[in-house]
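> Sending over input_34.cif (mmCIF, C-alpha atoms and all ligand atoms).
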```cif
data_final
#
loop_
_atom_site.group_PDB
_atom_site.id
_atom_site.type_symbol
_atom_site.label_atom_id
_atom_site.label_comp_id
_atom_site.auth_asym_id
_atom_site.auth_seq_id
_atom_site.Cartn_x
_atom_site.Cartn_y
_atom_site.Cartn_z
ATOM 1 C CA MET A 26 -14.409 33.183 -10.767
ATOM 2 C CA GLY A 27 -14.143 29.722 -12.289
ATOM 3 C CA GLU A 28 -14.585 26.628 -10.186
ATOM 4 C CA LEU A 29 -13.002 23.287 -10.973
ATOM 5 C CA GLN A 30 -12.764 19.838 -9.467
ATOM 6 C CA GLY A 31 -9.536 17.877 -9.332
ATOM 7 C CA LYS A 32 -7.161 15.670 -7.414
ATOM 8 C CA ILE A 33 -4.116 16.709 -5.381
ATOM 9 C CA LEU A 34 -0.969 15.285 -6.962
ATOM 10 C CA LYS A 35 1.577 16.749 -4.574
ATOM 11 C CA GLY A 36 2.046 19.346 -1.899
ATOM 12 C CA ILE A 37 5.222 21.371 -1.505
ATOM 13 C CA GLY A 38 5.775 24.248 0.906
ATOM 14 C CA GLY A 39 2.130 25.227 1.241
ATOM 15 C CA PHE A 40 1.394 24.874 -2.478
ATOM 16 C CA TYR A 41 -0.728 22.061 -3.860
ATOM 17 C CA TYR A 42 -0.631 20.845 -7.440
ATOM 18 C CA ILE A 43 -4.049 19.747 -8.655
ATOM 19 C CA ASP A 44 -4.854 17.553 -11.621
ATOM 20 C CA THR A 45 -7.937 19.082 -13.262
ATOM 21 C CA PRO A 46 -9.644 18.739 -16.652
ATOM 22 C CA GLU A 47 -7.916 22.054 -17.515
ATOM 23 C CA GLY A 48 -4.467 20.711 -16.690
ATOM 24 C CA GLU A 49 -2.343 20.956 -13.586
ATOM 25 C CA ILE A 50 -3.113 23.969 -11.400
ATOM 26 C CA GLU A 51 -1.061 25.363 -8.527
ATOM 27 C CA CYS A 52 -3.189 26.172 -5.506
ATOM 28 C CA ARG A 53 -3.047 27.384 -1.968
ATOM 29 C CA ALA A 54 -5.437 25.988 0.615
ATOM 30 C CA ARG A 55 -8.093 28.175 2.195
ATOM 31 C CA GLY A 56 -7.070 29.449 5.612
ATOM 32 C CA ILE A 57 -10.150 27.875 7.099
ATOM 33 C CA PHE A 58 -8.687 24.369 6.734
ATOM 34 C CA ARG A 59 -5.935 25.318 9.161
ATOM 35 C CA LYS A 60 -8.448 26.693 11.628
ATOM 36 C CA GLU A 61 -10.468 23.488 11.408
ATOM 37 C CA ASN A 62 -7.273 21.482 11.677
ATOM 38 C CA ILE A 63 -7.776 19.801 8.296
ATOM 39 C CA THR A 64 -4.729 19.247 6.111
ATOM 40 C CA PRO A 65 -5.294 18.578 2.437
ATOM 41 C CA LEU A 66 -3.649 15.277 1.508
ATOM 42 C CA VAL A 67 -2.087 13.978 -1.670
ATOM 43 C CA GLY A 68 -4.910 11.998 -3.305
ATOM 44 C CA ASP A 69 -7.672 14.260 -2.025
ATOM 45 C CA ASN A 70 -10.425 15.114 -4.467
ATOM 46 C CA VAL A 71 -10.976 18.841 -4.142
ATOM 47 C CA LYS A 72 -12.915 21.788 -5.469
ATOM 48 C CA ILE A 73 -10.843 24.789 -6.433
ATOM 49 C CA LYS A 74 -11.583 28.407 -7.283
ATOM 50 C CA LEU A 75 -9.416 29.840 -10.008
ATOM 51 C CA ASN A 76 -7.598 33.130 -9.425
ATOM 52 C CA GLN A 77 -7.870 36.068 -11.868
ATOM 53 C CA ASP A 78 -4.830 34.824 -13.810
ATOM 54 C CA GLY A 79 -6.693 31.600 -14.627
ATOM 55 C CA LYS A 80 -3.541 29.575 -13.898
ATOM 56 C CA THR A 81 -3.476 29.406 -10.119
ATOM 57 C CA GLY A 82 -6.208 28.897 -7.582
ATOM 58 C CA VAL A 83 -7.378 28.176 -4.085
ATOM 59 C CA ILE A 84 -8.655 24.881 -2.696
ATOM 60 C CA SER A 85 -12.139 25.673 -1.441
ATOM 61 C CA GLU A 86 -13.425 22.242 -0.487
ATOM 62 C CA ILE A 87 -12.083 18.793 0.243
ATOM 63 C CA LEU A 88 -14.511 16.115 -0.897
ATOM 64 C CA PRO A 89 -15.234 13.170 1.427
ATOM 65 C CA ARG A 90 -12.380 10.647 1.615
ATOM 66 C CA GLU A 91 -12.698 6.938 0.825
ATOM 67 C CA ASN A 92 -9.801 6.324 3.187
ATOM 68 C CA SER A 93 -6.664 8.034 4.398
ATOM 69 C CA LEU A 94 -3.335 6.804 5.647
ATOM 70 C CA ILE A 95 -1.225 8.528 8.247
ATOM 71 C CA ARG A 96 2.147 7.283 7.120
ATOM 72 C CA PRO A 97 2.530 8.041 4.284
ATOM 73 C CA PRO A 98 -0.055 10.838 4.388
ATOM 74 C CA VAL A 99 -2.215 10.028 1.390
ATOM 75 C CA ALA A 100 -5.949 9.745 0.706
ATOM 76 C CA ASN A 101 -8.210 7.703 -1.564
ATOM 77 C CA ILE A 102 -5.868 4.854 -2.427
ATOM 78 C CA SER A 103 -7.900 2.151 -4.177
ATOM 79 C CA GLN A 104 -5.176 -0.429 -4.601
ATOM 80 C CA ILE A 105 -1.894 -1.420 -2.977
ATOM 81 C CA ALA A 106 0.693 -2.990 -5.240
ATOM 82 C CA ALA A 107 2.626 -4.988 -2.666
ATOM 83 C CA VAL A 108 6.053 -5.494 -4.204
ATOM 84 C CA ILE A 109 8.612 -8.141 -3.322
ATOM 85 C CA ALA A 110 11.758 -9.186 -5.164
ATOM 86 C CA VAL A 111 12.428 -12.872 -5.647
ATOM 87 C CA GLU A 112 16.064 -12.148 -4.704
ATOM 88 C CA ASN A 113 18.159 -9.208 -3.544
ATOM 89 C CA PRO A 114 16.552 -8.510 -1.161
ATOM 90 C CA LYS A 115 15.013 -11.894 -0.361
ATOM 91 C CA PRO A 116 11.297 -11.612 0.391
ATOM 92 C CA ASN A 117 10.287 -10.953 3.956
ATOM 93 C CA LEU A 118 6.885 -12.623 3.908
ATOM 94 C CA GLN A 119 6.017 -11.429 7.374
ATOM 95 C CA VAL A 120 6.361 -7.821 6.248
ATOM 96 C CA LEU A 121 4.341 -8.592 3.136
ATOM 97 C CA ASP A 122 1.587 -10.324 5.102
ATOM 98 C CA LYS A 123 1.372 -7.423 7.535
ATOM 99 C CA LEU A 124 0.977 -5.040 4.627
ATOM 100 C CA ILE A 125 -1.757 -7.245 3.147
ATOM 101 C CA CYS A 126 -3.507 -7.445 6.504
ATOM 102 C CA CYS A 127 -3.594 -3.663 6.811
ATOM 103 C CA ALA A 128 -4.870 -3.236 3.267
ATOM 104 C CA GLU A 129 -7.610 -5.832 3.796
ATOM 105 C CA ASN A 130 -8.568 -4.129 7.026
ATOM 106 C CA LEU A 131 -8.951 -0.791 5.224
ATOM 107 C CA GLY A 132 -10.850 -2.398 2.348
ATOM 108 C CA ILE A 133 -8.114 -1.527 -0.150
ATOM 109 C CA LYS A 134 -7.506 -3.963 -3.010
ATOM 110 C CA VAL A 135 -4.207 -5.839 -3.001
ATOM 111 C CA LEU A 136 -2.099 -6.803 -5.996
ATOM 112 C CA ILE A 137 0.960 -8.957 -5.299
ATOM 113 C CA CYS A 138 3.907 -7.965 -7.501
ATOM 114 C CA ILE A 139 6.919 -10.236 -7.727
ATOM 115 C CA ASN A 140 9.816 -8.335 -9.278
ATOM 116 C CA LYS A 141 13.345 -9.344 -10.338
ATOM 117 C CA SER A 142 12.134 -12.531 -12.025
ATOM 118 C CA ASP A 143 15.486 -12.482 -13.856
ATOM 119 C CA LEU A 144 17.165 -13.448 -10.576
ATOM 120 C CA GLY A 145 15.295 -16.621 -9.668
ATOM 121 C CA ASP A 146 12.285 -18.900 -9.710
ATOM 122 C CA CYS A 147 9.185 -17.042 -8.537
ATOM 123 C CA SER A 148 6.766 -19.982 -8.488
ATOM 124 C CA LEU A 149 7.031 -20.573 -4.735
ATOM 125 C CA TYR A 150 5.750 -17.079 -3.968
ATOM 126 C CA GLU A 151 3.288 -17.089 -6.851
ATOM 127 C CA ASN A 152 1.714 -20.255 -5.477
ATOM 128 C CA ILE A 153 1.472 -19.056 -1.896
ATOM 129 C CA TYR A 154 -0.408 -15.899 -2.854
ATOM 130 C CA LYS A 155 -2.485 -17.284 -5.724
ATOM 131 C CA ASN A 156 -3.658 -20.097 -3.472
ATOM 132 C CA ALA A 157 -4.533 -17.588 -0.788
ATOM 133 C CA GLY A 158 -6.798 -15.849 -3.302
ATOM 134 C CA PHE A 159 -4.762 -12.870 -4.517
ATOM 135 C CA ASP A 160 -3.996 -11.519 -7.952
ATOM 136 C CA VAL A 161 -0.287 -12.058 -8.538
ATOM 137 C CA VAL A 162 1.879 -10.597 -11.287
ATOM 138 C CA THR A 163 5.493 -11.525 -11.945
ATOM 139 C CA PHE A 164 7.963 -9.513 -13.991
ATOM 140 C CA SER A 165 11.422 -8.063 -14.244
ATOM 141 C CA ALA A 166 11.693 -4.304 -14.228
ATOM 142 C CA LYS A 167 15.306 -4.752 -15.296
ATOM 143 C CA GLN A 168 14.227 -6.544 -18.467
ATOM 144 C CA GLU A 169 11.769 -3.698 -18.966
ATOM 145 C CA ASP A 170 8.730 -5.912 -19.369
ATOM 146 C CA ILE A 171 5.903 -5.044 -17.019
ATOM 147 C CA SER A 172 3.089 -5.914 -19.420
ATOM 148 C CA THR A 173 1.578 -8.282 -16.831
ATOM 149 C CA LEU A 174 1.224 -5.374 -14.405
ATOM 150 C CA LEU A 175 -0.181 -2.603 -16.603
ATOM 151 C CA PRO A 176 -3.791 -3.837 -17.000
ATOM 152 C CA TYR A 177 -4.206 -3.891 -13.229
ATOM 153 C CA LEU A 178 -3.473 -0.160 -12.966
ATOM 154 C CA GLU A 179 -6.299 1.053 -15.180
ATOM 155 C CA GLY A 180 -8.824 3.163 -13.333
ATOM 156 C CA GLU A 181 -7.163 2.597 -9.966
ATOM 157 C CA THR A 182 -5.168 4.807 -7.635
ATOM 158 C CA THR A 183 -2.328 2.435 -6.869
ATOM 159 C CA ALA A 184 0.290 2.850 -4.169
ATOM 160 C CA PHE A 185 3.474 0.860 -4.593
ATOM 161 C CA ALA A 186 4.589 -0.531 -1.283
ATOM 162 C CA GLY A 187 7.331 -2.834 -0.146
ATOM 163 C CA ASN A 188 10.778 -3.019 1.369
ATOM 164 C CA SER A 189 13.588 -0.792 0.230
ATOM 165 C CA GLY A 190 15.353 -2.138 -2.840
ATOM 166 C CA VAL A 191 12.568 -4.338 -4.229
ATOM 167 C CA GLY A 192 12.298 -2.053 -7.266
ATOM 168 C CA LYS A 193 9.286 0.197 -6.700
ATOM 169 C CA SER A 194 10.886 3.268 -8.262
ATOM 170 C CA SER A 195 12.286 1.219 -11.148
ATOM 171 C CA ILE A 196 8.775 -0.086 -11.862
ATOM 172 C CA ILE A 197 7.228 3.377 -11.715
ATOM 173 C CA ASN A 198 9.884 4.852 -13.977
ATOM 174 C CA LEU A 199 9.045 2.133 -16.496
ATOM 175 C CA ILE A 200 5.308 2.749 -16.246
ATOM 176 C CA LEU A 201 5.804 6.464 -16.831
ATOM 177 C CA GLY A 202 8.462 5.878 -19.451
ATOM 178 C CA GLU A 203 10.837 8.345 -17.865
ATOM 179 C CA GLU A 204 13.330 8.620 -15.060
ATOM 180 C CA ILE A 205 11.066 10.283 -12.509
ATOM 181 C CA PHE A 206 12.256 8.661 -9.363
ATOM 182 C CA GLU A 207 15.770 8.094 -8.219
ATOM 183 C CA THR A 208 16.690 4.417 -7.941
ATOM 184 C CA GLY A 209 19.594 3.045 -5.998
ATOM 185 C CA GLU A 210 21.725 -0.046 -5.580
ATOM 186 C CA VAL A 211 20.556 -2.346 -2.816
ATOM 187 C CA SER A 212 24.031 -2.391 -1.264
ATOM 188 C CA GLU A 213 24.173 1.424 -1.195
ATOM 189 C CA LYS A 214 20.805 1.516 0.519
ATOM 190 C CA ALA A 215 21.905 -0.964 3.173
ATOM 191 C CA GLU A 216 24.989 1.119 3.876
ATOM 192 C CA ARG A 217 23.090 4.324 4.161
ATOM 193 C CA GLY A 218 20.302 2.559 5.982
ATOM 194 C CA LYS A 219 17.686 4.595 4.236
ATOM 195 C CA HIS A 220 15.414 4.746 1.275
ATOM 196 C CA THR A 221 16.263 6.339 -2.007
ATOM 197 C CA THR A 222 12.729 7.594 -2.411
ATOM 198 C CA ARG A 223 11.917 10.400 -0.025
ATOM 199 C CA HIS A 224 8.837 12.223 -1.262
ATOM 200 C CA SER A 225 5.290 11.201 -2.124
ATOM 201 C CA GLU A 226 3.755 12.258 -5.376
ATOM 202 C CA LEU A 227 0.762 11.005 -7.270
ATOM 203 C CA ARG A 228 1.323 10.583 -10.997
ATOM 204 C CA LYS A 229 -1.419 10.486 -13.577
ATOM 205 C CA LEU A 230 -1.391 7.617 -16.069
ATOM 206 C CA GLU A 231 -2.174 8.040 -19.732
ATOM 207 C CA ASN A 232 -4.990 5.504 -19.935
ATOM 208 C CA SER A 233 -6.666 6.196 -16.618
ATOM 209 C CA GLY A 234 -5.587 5.912 -13.045
ATOM 210 C CA TYR A 235 -2.866 7.234 -10.789
ATOM 211 C CA ILE A 236 0.184 5.739 -9.162
ATOM 212 C CA ILE A 237 2.262 6.764 -6.190
ATOM 213 C CA ASP A 238 5.728 5.794 -5.055
ATOM 214 C CA THR A 239 6.181 6.208 -1.361
ATOM 215 C CA PRO A 240 9.207 6.165 0.884
ATOM 216 C CA GLY A 241 9.307 3.598 3.666
ATOM 217 C CA PHE A 242 5.939 2.276 2.737
ATOM 218 C CA THR A 243 6.062 -1.221 4.150
ATOM 219 C CA SER A 244 2.986 -1.182 6.325
ATOM 220 C CA PHE A 245 0.184 0.908 7.683
ATOM 221 C CA GLU A 246 -0.826 1.427 11.233
ATOM 222 C CA LEU A 247 -2.262 -1.705 12.767
ATOM 223 C CA GLN A 248 -3.961 0.040 15.637
ATOM 224 C CA ASP A 249 -7.548 -0.133 14.421
ATOM 225 C CA ILE A 250 -7.679 -3.892 14.462
ATOM 226 C CA THR A 251 -8.132 -6.186 17.427
ATOM 227 C CA ALA A 252 -6.405 -9.534 17.764
ATOM 228 C CA SER A 253 -9.741 -11.317 17.391
ATOM 229 C CA GLU A 254 -10.502 -9.444 14.147
ATOM 230 C CA LEU A 255 -7.162 -10.415 12.687
ATOM 231 C CA SER A 256 -8.272 -13.721 11.182
ATOM 232 C CA SER A 257 -10.792 -11.923 8.959
ATOM 233 C CA THR A 258 -7.890 -10.139 7.243
ATOM 234 C CA PHE A 259 -6.403 -13.496 6.201
ATOM 235 C CA ARG A 260 -8.780 -14.236 3.367
ATOM 236 C CA GLU A 261 -7.961 -17.929 3.010
ATOM 237 C CA PHE A 262 -9.007 -18.504 6.630
ATOM 238 C CA GLU A 263 -12.483 -17.264 5.811
ATOM 239 C CA GLN A 264 -13.761 -20.566 4.449
ATOM 240 C CA TYR A 265 -13.154 -22.202 7.850
ATOM 241 C CA GLN A 266 -15.225 -19.631 9.676
ATOM 242 C CA GLY A 267 -17.543 -21.347 12.148
ATOM 243 C CA MET A 268 -15.911 -24.740 11.600
ATOM 244 C CA CYS A 269 -13.570 -24.701 14.611
ATOM 245 C CA LYS A 270 -14.599 -26.635 17.698
ATOM 246 C CA PHE A 271 -14.588 -23.525 19.869
ATOM 247 C CA PRO A 272 -16.524 -20.498 18.632
ATOM 248 C CA ASP A 273 -13.862 -18.121 20.022
ATOM 249 C CA CYS A 274 -11.011 -20.106 18.452
ATOM 250 C CA THR A 275 -7.909 -18.004 17.809
ATOM 251 C CA HIS A 276 -6.476 -20.550 15.334
ATOM 252 C CA ARG A 277 -3.213 -20.794 17.234
ATOM 253 C CA VAL A 278 -3.096 -23.931 19.392
ATOM 254 C CA GLU A 279 -6.692 -25.011 19.891
ATOM 255 C CA LYS A 280 -7.870 -28.606 19.507
ATOM 256 C CA GLY A 281 -10.356 -29.016 16.683
ATOM 257 C CA CYS A 282 -9.255 -25.824 14.926
ATOM 258 C CA ALA A 283 -10.256 -26.043 11.268
ATOM 259 C CA VAL A 284 -7.512 -23.606 10.237
ATOM 260 C CA LEU A 285 -4.779 -25.644 11.936
ATOM 261 C CA GLU A 286 -6.183 -28.807 10.359
ATOM 262 C CA ALA A 287 -5.969 -27.203 6.927
ATOM 263 C CA LEU A 288 -2.224 -26.618 7.316
ATOM 264 C CA PRO A 289 -0.883 -30.184 6.882
ATOM 265 C CA LEU A 290 -3.305 -30.633 3.986
ATOM 266 C CA GLY A 291 -1.500 -27.832 2.161
ATOM 267 C CA LYS A 292 -4.635 -25.692 1.979
ATOM 268 C CA ILE A 293 -3.074 -22.852 3.929
ATOM 269 C CA ALA A 294 0.582 -21.925 3.406
ATOM 270 C CA PRO A 295 2.701 -22.363 6.552
ATOM 271 C CA SER A 296 4.283 -18.941 5.999
ATOM 272 C CA ARG A 297 0.864 -17.271 6.023
ATOM 273 C CA HIS A 298 -0.089 -18.938 9.266
ATOM 274 C CA GLU A 299 3.286 -18.007 10.797
ATOM 275 C CA SER A 300 2.660 -14.374 9.857
ATOM 276 C CA TYR A 301 -0.765 -14.630 11.425
ATOM 277 C CA LEU A 302 0.735 -15.906 14.681
ATOM 278 C CA ALA A 303 3.352 -13.134 14.747
ATOM 279 C CA LEU A 304 0.743 -10.446 14.085
ATOM 280 C CA TYR A 305 -1.537 -11.950 16.700
ATOM 281 C CA GLU A 306 1.203 -11.623 19.324
ATOM 282 C CA THR A 307 1.975 -8.038 18.303
ATOM 283 C CA LEU A 308 -1.660 -7.005 18.522
ATOM 284 C CA LYS A 309 -2.263 -8.837 21.773
ATOM 285 C CA ASN A 310 0.679 -6.993 23.310
ATOM 286 C CA ILE A 311 -0.533 -3.619 22.057
ATOM 287 C CA LYS A 312 -3.945 -4.238 23.610
ATOM 288 C CA GLN A 313 -2.471 -5.353 26.933
ATOM 289 C CA TRP A 314 -0.308 -2.284 27.014
ATOM 290 C CA GLU A 315 -3.288 -0.054 26.315
ATOM 291 C CA THR A 316 -5.423 -1.490 29.097
ATOM 292 C CA LYS A 317 -2.545 -1.151 31.592
ATOM 293 C CA LYS A 318 -2.190 2.569 30.918
HETATM 294 N N1 LIG A 401 18.119 -7.759 -11.257
HETATM 295 C C1 LIG A 401 17.161 -6.853 -11.153
HETATM 296 N N2 LIG A 401 17.392 -5.681 -10.516
HETATM 297 C C2 LIG A 401 16.378 -4.794 -10.426
HETATM 298 C C3 LIG A 401 15.092 -5.060 -10.966
HETATM 299 N N3 LIG A 401 14.288 -3.993 -10.694
HETATM 300 C C4 LIG A 401 15.043 -3.099 -10.004
HETATM 301 N N4 LIG A 401 16.309 -3.574 -9.848
HETATM 302 C C5 LIG A 401 17.421 -2.907 -9.144
HETATM 303 O O1 LIG A 401 17.178 -2.924 -7.743
HETATM 304 C C6 LIG A 401 17.712 -1.754 -7.126
HETATM 305 C C7 LIG A 401 16.661 -1.057 -6.273
HETATM 306 O O2 LIG A 401 15.626 -0.551 -7.085
HETATM 307 P P1 LIG A 401 14.735 0.717 -6.672
HETATM 308 O O3 LIG A 401 13.758 0.906 -7.798
HETATM 309 O O4 LIG A 401 15.569 1.872 -6.281
HETATM 310 O O5 LIG A 401 13.996 0.149 -5.377
HETATM 311 P P2 LIG A 401 12.898 0.864 -4.446
HETATM 312 O O6 LIG A 401 11.913 -0.200 -4.088
HETATM 313 O O7 LIG A 401 12.354 2.072 -5.098
HETATM 314 O O8 LIG A 401 13.720 1.254 -3.146
HETATM 315 P P3 LIG A 401 13.436 2.454 -2.074
HETATM 316 O O9 LIG A 401 13.188 3.711 -2.835
HETATM 317 O O10 LIG A 401 14.693 2.469 -1.296
HETATM 318 O O11 LIG A 401 12.261 2.011 -1.252
HETATM 319 C C8 LIG A 401 18.271 -0.891 -8.267
HETATM 320 O O12 LIG A 401 19.641 -1.113 -8.362
HETATM 321 C C9 LIG A 401 17.552 -1.421 -9.483
HETATM 322 O O13 LIG A 401 18.292 -1.246 -10.675
HETATM 323 C C10 LIG A 401 14.872 -6.312 -11.637
HETATM 324 O O14 LIG A 401 13.815 -6.643 -12.169
HETATM 325 N N5 LIG A 401 15.950 -7.165 -11.689
HETATM 326 MG MG MG A 402 12.319 4.069 -4.482
HETATM 327 ZN ZN ZN A 403 -9.582 -22.178 14.719
#
```
Using the file provided, produce a representation of the structure as structure tokens.
Ligand SMILES: Nc1nc2c(ncn2[C@@H]2O[C@H](COP(=O)(O)OP(=O)(O)OP(=O)(O)O)[C@@H](O)[C@H]2O)c(=O)[nH]1
Ligand SMILES: [Mg+2]
Ligand SMILES: [Zn+2]

Amino acid sequence: MGELQGKILKGIGGFYYIDTPEGEIECRARGIFRKENITPLVGDNVKIKLNQDGKTGVISEILPRENSLIRPPVANISQIAAVIAVENPKPNLQVLDKLICCAENLGIKVLICINKSDLGDCSLYENIYKNAGFDVVTFSAKQEDISTLLPYLEGETTAFAGNSGVGKSSIINLILGEEIFETGEVSEKAERGKHTTRHSELRKLENSGYIIDTPGFTSFELQDITASELSSTFREFEQYQGMCKFPDCTHRVEKGCAVLEALPLGKIAPSRHESYLALYETLKNIKQWETKK
């Protein structure tokens, strides 16, 4: 029986669709995974054994994961494309900064994507994130020009994340050159109160790399990070490490805090520090709650 290696593109009703050098192959998972309580995830690199027909197979081994997310359930993401729209909906920088924080914490690369450039001036957001040390690309999916984005996708497994209506599905449809994912009017979404995109599927790119559109993908779980570790996920704070008066400085209210001193000098964007403060409070409360239990 032939053995192949590949990557899980999607899973539907107990069947997995694997991208292999021989094309896409429909597989079942070995019963043993269930016994061991392991669920194959979209994005998993797997070994498969081909059935007699040569067209279907069985997943025999899941190769070690670089990372895995719980919501959405996906493995081996190498890059998050964090998407905002300059208008409609207006950017929620706190949501964006939380997403960035989670990605940094997991060691996943971040690419800031500013969409809907046809609707307004993007320079404010470009400056905030370029100055913080991120790669930023600006484009309009509506004007069908995403040439600034494409080079960043090569060789990466990129998940598109961001609030409903920012244009993730529109961008992916453009990348793939076909209407794969349903898109929807922002007003319709608000009325229905839900996302247009409901399933997760990895798509293979022609050059190299994979992309995934995910429903409700605005943030990951924050639970693995302590409040005191938070500042290390804000990369522009890094240069002030060890420069605060107090070694256990939380960069919130302390006298002689190098981060706070950098704010009026314009070296750290106020919105980034505000997000930091909000996340700090959230995490502090989670921890307190946990110790009370
Ligand atoms: N003006 C303008 N509208 C855009 C642009 N890109 C997407 N849109 C519109 O914005 C709306 C939402 O786009 P979607 O691609 O469905 O957004 P989404 O991020 O996938 O949303 P969810 O699936 O709900 O998370 C649609 O009406 C798109 O036509 C753009 O560059 N400019
Ligand atoms: Mg969508
Ligand atoms: Zn400080």
> Identify, counting only C-alpha atoms and all ligand atoms, the protein, DNA and RNA residues located within 10 Å of ligand ZN 403 (chain A), and give them as number ranges by chain.
A: 256, 262, 265-287
> Run the PyMOL selection byres (((chain A and resi 72) around 9) and not hetatm) mentally over the shown coordinates, then write out the matched residues as a PDB file with C-alpha atoms, in the frame of the given file, using the chain letters and numbers from the document.

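What ended up in result05.pdb:
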```pdb
ATOM      1  CA  GLU A  28     -14.585  26.628 -10.186  1.00  0.00           C
ATOM      2  CA  LEU A  29     -13.002  23.287 -10.973  1.00  0.00           C
ATOM      3  CA  GLN A  30     -12.764  19.838  -9.467  1.00  0.00           C
ATOM      4  CA  GLY A  31      -9.536  17.877  -9.332  1.00  0.00           C
ATOM      5  CA  LYS A  32      -7.161  15.670  -7.414  1.00  0.00           C
ATOM      6  CA  ASN A  70     -10.425  15.114  -4.467  1.00  0.00           C
ATOM      7  CA  VAL A  71     -10.976  18.841  -4.142  1.00  0.00           C
ATOM      8  CA  ILE A  73     -10.843  24.789  -6.433  1.00  0.00           C
ATOM      9  CA  LYS A  74     -11.583  28.407  -7.283  1.00  0.00           C
ATOM     10  CA  VAL A  83      -7.378  28.176  -4.085  1.00  0.00           C
ATOM     11  CA  ILE A  84      -8.655  24.881  -2.696  1.00  0.00           C
ATOM     12  CA  SER A  85     -12.139  25.673  -1.441  1.00  0.00           C
ATOM     13  CA  GLU A  86     -13.425  22.242  -0.487  1.00  0.00           C
ATOM     14  CA  ILE A  87     -12.083  18.793   0.243  1.00  0.00           C
ATOM     15  CA  LEU A  88     -14.511  16.115  -0.897  1.00  0.00           C
TER      16      LEU A  88
END
```
> When the PyMOL selection byres (((chain A and resi 175) around 12) and not hetatm) is applied to the structure above, which residues does it catch, written out as a ChimeraX atom specification?
/A:106,136,138,162-164,170-174,176-181,183,196-197,199-201,230-236
> Report, in Å to a single decimal, how far apart atom CA of Ile237 of chain A and atom CA of Ile102 of chain A are.
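Taking atom CA of Ile102 of chain A and atom CA of Ile237 of chain A, their separation equals 9.2 Å.
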> Closest to Glu112 of chain A among A:Ala128, A:Gly48, A:Asn152, A:Val191, using all atoms listed in the file?
A:Val191
> Separation of atom CA of Ile105 of chain A and atom CA of Val135 of chain A, in Å?
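Atom-to-atom, atom CA of Ile105 of chain A and atom CA of Val135 of chain A are spaced 5.0 Å apart.
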> Output as AutoDock Vina command-line options the centre and edge lengths (Å, one decimal) of the box along x, y and z of the file that holds every listed atom of segment 65-72 of chain A after adding 5 Å on each side.

```
--center_x -7.5 --center_y 16.9 --center_z -1.5 --size_x 20.8 --size_y 19.8 --size_z 17.9
```
> Which neighbours of Asp122 of chain A fall inside 12 Å, counting only C-alpha atoms, when residues of the same chain fewer than 5 positions from it are skipped, and could you give them as a PyMOL selection string?
chain A and resi 107-109+116-117+127-129+135+137+153-154+157+159+187+243-245+255+258-260+294+296-304
> Using all atoms listed in the file, which protein or nucleic acid residues come within 10 Å of Gln77 of chain A? Drop anything in the same chain fewer than 3 positions from it, and give the result as a PyMOL selection string.
chain A and resi 26-27+74+80-82
> For the residues in that selection, give me C-alpha atoms as a CSV table (one decimal), keeping the file's coordinate frame.

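What follows is the written file again.csv:
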```csv
chain,number,residue,atom,x,y,z
A,26,MET,CA,-14.4,33.2,-10.8
A,27,GLY,CA,-14.1,29.7,-12.3
A,74,LYS,CA,-11.6,28.4,-7.3
A,80,LYS,CA,-3.5,29.6,-13.9
A,81,THR,CA,-3.5,29.4,-10.1
A,82,GLY,CA,-6.2,28.9,-7.6
```
> For a test of reading the model, state the distance in Å between atom CA of Asn310 of chain A and atom CA of Leu94 of chain A, rounded to one decimal.
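Result for atom CA of Asn310 of chain A versus atom CA of Leu94 of chain A: 22.8 Å, one decimal.
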> Using only C-alpha atoms, can you tell me which of A:Asn76, A:Ser148, A:Gln264, A:Ser257 comes closest to Cys52 of chain A?
A:Asn76
> Counting all atoms listed in the file, which of A:Gly202, A:Gly192, A:Pro295, A:Gly36 gets nearest to ligand MG 402 (chain A)?
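Nearest to ligand MG 402 (chain A): A:Gly192.
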> Using only C-alpha atoms, which of A:Gly190, A:Pro65, A:Gly39, A:Gly132 sits nearest Val99 of chain A?
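Of A:Gly190, A:Pro65, A:Gly39, A:Gly132, the one nearest Val99 of chain A, counting only C-alpha atoms, is A:Pro65.
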> What would the selection look like, as an mmCIF file with C-alpha atoms, in the frame of the given file, if the PyMOL selection byres (((chain A and resi 43) around 7) and not hetatm) were run on the coordinates I just shared?

```
data_model
loop_
_atom_site.group_PDB
_atom_site.id
_atom_site.type_symbol
_atom_site.label_atom_id
_atom_site.label_comp_id
_atom_site.auth_asym_id
_atom_site.auth_seq_id
_atom_site.Cartn_x
_atom_site.Cartn_y
_atom_site.Cartn_z
ATOM 1 C CA GLY A 31 -9.536 17.877 -9.332
ATOM 2 C CA LYS A 32 -7.161 15.670 -7.414
ATOM 3 C CA ILE A 33 -4.116 16.709 -5.381
ATOM 4 C CA LEU A 34 -0.969 15.285 -6.962
ATOM 5 C CA TYR A 41 -0.728 22.061 -3.860
ATOM 6 C CA TYR A 42 -0.631 20.845 -7.440
ATOM 7 C CA ASP A 44 -4.854 17.553 -11.621
ATOM 8 C CA THR A 45 -7.937 19.082 -13.262
ATOM 9 C CA GLU A 49 -2.343 20.956 -13.586
ATOM 10 C CA ILE A 50 -3.113 23.969 -11.400
ATOM 11 C CA GLU A 51 -1.061 25.363 -8.527
#
```
